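For reference, the structure discussed in these notes is given below.
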Amino acid sequence: MRRIYWGILLMLLSAGGVAGEGDGTSAAYTVDEIFQNFKAAYDTSENFSANFEETTLFADKRNVARGRLVFGKPNLFRKEYVDRRDASKVVQLTILDGEYGWTYTPLLNQVNKMKWDQERQELVPGIGASLGDVKKNYDMALIPDEVANPKGVYQIRLTPKPHLVRDEVRDKGKETIEIWVKAGEWLPVQFGYVTELTDGTSQSIIVALTQIERDKPLAPELFKFVVPKDAEVIDLSEN
């Protein structure tokens, strides 16, 4: 199954300004300054929407998926993967209605239903990292980029500290999270996961966001899921 909740809290947008932002010049930000702007911005926006392109690389294989996502505070989320040839055709739909998460695959006419912890506030959904515990749980590093930095785009790499990594995960390899943040409004424009396996291979998932919008009027129906007729429902909400 795809990482179905990676986009829920990636709408950390900023209300404030810092000298050098948005003027097309490179500012000497520290990783802490960038992340604090990124994190603090969450409190200033009610919703966020974007198109995405998700690229998965493993060994010599490359897979690209595209779609749309919408987030509304505090726990409302809609994500659509679309057909490669016909963007109007949804091939997988995920909706978080504030209480349950629903994932529907039309080809299988199958629905997965999951309970959502309403107290959960993840850095990147599916990872389980609280926004407030990043310094406690992750080593943060700013990755220099001579092309992106002068354009005001900064890459943060988060590496889990030893206490955060379960033994069974540690035995399989090391995973890091990478986030690209645009100075000015501090929009997340790209993020990814990189897993280095113990056999020397690696897998990466990179998600690029485009046509980003914030605080637009949203229809409540976007976050309501109706089980399609005759669909098989796999109820995981008690697990």
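Residue names in the structure tokens use chain letters A, B, ... in the order shown, residue numbers from 1 in each chain, and ligand numbers from 1 in the order shown.
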
For Pro106 (chain A), please output as a compact mmCIF listing (two decimals) with C-alpha atoms, in the first residue's frame all residues within 7 Å (counting only C-alpha atoms; exclusion window: fewer than 3 positions along the same chain).
```txt
# COMPACT_ATOMS: atom_id res chain seq x y z
CA VAL A 91 -7.35 5.26 -9.63
CA GLN A 92 -7.08 5.56 -5.84
CA ASN A 109 -13.98 -1.93 -5.76
CA GLN A 110 -12.34 -2.24 -2.36
```

* Those of region 21-229 of chain A in DSSP helix (DSSP H, G or I), formatted as a PyMOL selection string -> chain A and resi 31-44+131-137+149-151+162-164+167-172+220-223

* Test item, strand (DSSP E) assignment across region 11-230 of chain A, answer as a ChimeraX atom specification -> /A:47-58,61-72,76-82,90-97,100-105,110-115,138-143,153-160,173-182,187-197,202-214

Let's have the selection written as a tab-separated table (two decimals), in the first residue's frame, with C-alpha atoms.
```
chain	number	residue	atom	x	y	z
A	47	ASN	CA	-6.20	24.67	4.40
A	48	PHE	CA	-3.80	23.76	1.64
A	49	SER	CA	-4.11	22.15	-1.80
A	50	ALA	CA	-1.67	21.15	-4.53
A	51	ASN	CA	-0.99	18.84	-7.43
A	52	PHE	CA	1.75	16.30	-6.83
A	53	GLU	CA	4.14	14.08	-8.76
A	54	GLU	CA	5.44	11.11	-6.79
A	55	THR	CA	8.57	9.38	-8.09
A	56	THR	CA	9.69	6.03	-6.67
A	57	LEU	CA	13.20	4.80	-7.39
A	58	PHE	CA	14.35	1.28	-6.49
A	61	LYS	CA	13.21	0.78	-11.63
A	62	ARG	CA	11.48	4.16	-11.75
A	63	ASN	CA	7.76	4.69	-11.22
A	64	VAL	CA	5.93	8.01	-11.45
A	65	ALA	CA	2.42	8.64	-10.08
A	66	ARG	CA	0.47	11.90	-10.17
A	67	GLY	CA	-2.53	13.34	-8.45
A	68	ARG	CA	-4.11	16.01	-6.27
A	69	LEU	CA	-4.31	16.59	-2.52
A	70	VAL	CA	-6.32	18.85	-0.23
A	71	PHE	CA	-5.82	19.38	3.50
A	72	GLY	CA	-8.10	21.16	5.96
A	76	LEU	CA	-9.34	16.62	7.09
A	77	PHE	CA	-7.54	15.26	4.05
A	78	ARG	CA	-8.26	14.19	0.49
A	79	LYS	CA	-5.75	12.64	-1.87
A	80	GLU	CA	-6.39	11.37	-5.39
A	81	TYR	CA	-4.03	9.35	-7.54
A	82	VAL	CA	-5.04	9.76	-11.19
A	90	VAL	CA	-9.13	8.58	-10.20
A	91	VAL	CA	-7.35	5.26	-9.63
A	92	GLN	CA	-7.08	5.56	-5.84
A	93	LEU	CA	-8.82	7.87	-3.39
A	94	THR	CA	-7.93	8.53	0.23
A	95	ILE	CA	-10.14	10.59	2.53
A	96	LEU	CA	-9.58	11.46	6.18
A	97	ASP	CA	-12.87	12.74	7.63
A	100	TYR	CA	-11.63	7.62	10.05
A	101	GLY	CA	-9.29	7.20	7.13
A	102	TRP	CA	-10.77	5.68	3.97
A	103	THR	CA	-8.85	4.38	0.96
A	104	TYR	CA	-10.82	3.31	-2.10
A	105	THR	CA	-9.39	1.50	-5.13
A	110	GLN	CA	-12.34	-2.24	-2.36
A	111	VAL	CA	-12.29	0.12	0.65
A	112	ASN	CA	-9.88	0.10	3.59
A	113	LYS	CA	-11.21	1.78	6.72
A	114	MET	CA	-8.87	2.88	9.53
A	115	LYS	CA	-9.29	4.72	12.80
A	138	TYR	CA	15.83	13.65	14.78
A	139	ASP	CA	19.23	14.97	13.81
A	140	MET	CA	18.61	17.87	11.42
A	141	ALA	CA	21.02	18.90	8.68
A	142	LEU	CA	20.86	21.59	6.01
A	143	ILE	CA	21.97	20.20	2.63
A	153	VAL	CA	14.74	26.80	-1.65
A	154	TYR	CA	16.33	24.95	1.27
A	155	GLN	CA	16.63	21.22	1.88
A	156	ILE	CA	16.44	19.78	5.39
A	157	ARG	CA	17.49	16.19	6.05
A	158	LEU	CA	16.05	14.51	9.14
A	159	THR	CA	17.77	11.38	10.42
A	160	PRO	CA	16.02	9.43	13.21
A	173	GLY	CA	18.41	-0.38	6.91
A	174	LYS	CA	18.33	3.37	7.58
A	175	GLU	CA	15.58	5.78	6.58
A	176	THR	CA	15.87	9.55	6.34
A	177	ILE	CA	13.28	12.22	5.59
A	178	GLU	CA	14.06	15.15	3.30
A	179	ILE	CA	12.01	18.35	3.02
A	180	TRP	CA	12.52	21.22	0.57
A	181	VAL	CA	11.13	24.52	1.88
A	182	LYS	CA	10.57	27.73	-0.10
A	187	LEU	CA	5.85	26.53	1.56
A	188	PRO	CA	6.95	22.90	1.31
A	189	VAL	CA	7.63	22.40	-2.39
A	190	GLN	CA	9.06	18.89	-2.27
A	191	PHE	CA	9.72	16.12	0.22
A	192	GLY	CA	10.96	12.57	0.20
A	193	TYR	CA	11.98	9.41	1.98
A	194	VAL	CA	15.30	7.68	1.38
A	195	THR	CA	15.86	4.16	2.68
A	196	GLU	CA	19.36	2.68	2.59
A	197	LEU	CA	19.04	-1.09	2.92
A	202	SER	CA	18.43	1.98	-1.64
A	203	GLN	CA	14.86	3.12	-2.28
A	204	SER	CA	13.64	6.68	-2.50
A	205	ILE	CA	10.25	8.33	-2.82
A	206	ILE	CA	10.27	11.96	-3.93
A	207	VAL	CA	7.08	14.04	-3.99
A	208	ALA	CA	7.08	17.38	-5.83
A	209	LEU	CA	4.21	19.84	-5.26
A	210	THR	CA	2.90	22.30	-7.85
A	211	GLN	CA	-0.05	24.69	-8.19
A	212	ILE	CA	0.01	25.19	-4.44
A	213	GLU	CA	-2.87	27.16	-2.93
A	214	ARG	CA	-3.72	28.06	0.66
```

* Quote the spacing between CA of Glu185 (chain A) and CA of Ile34 (chain A) in Å to one decimal place. => 11.4 Å

* Can you tell me how far CA of Val226 (chain A) sits from CA of Ala87 (chain A), in Å to one decimal? ->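 One can read the CA of Val226 (chain A) to CA of Ala87 (chain A) distance as 21.7 Å.
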
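In this comparison, which uses only C-alpha atoms, the residue of A:Gly98, A:Gly184, A:Gly200, A:Pro162 approaching Asn137 (chain A) most closely is A:Pro162.
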
* Asked: When distances are computed from only C-alpha atoms, which of A:Pro74, A:Arg85, A:Leu164, A:Lys224 shows the smallest separation from Glu46 (chain A)?
  ->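 Among the listed residues, the smallest separation from Glu46 (chain A) belongs to A:Pro74.
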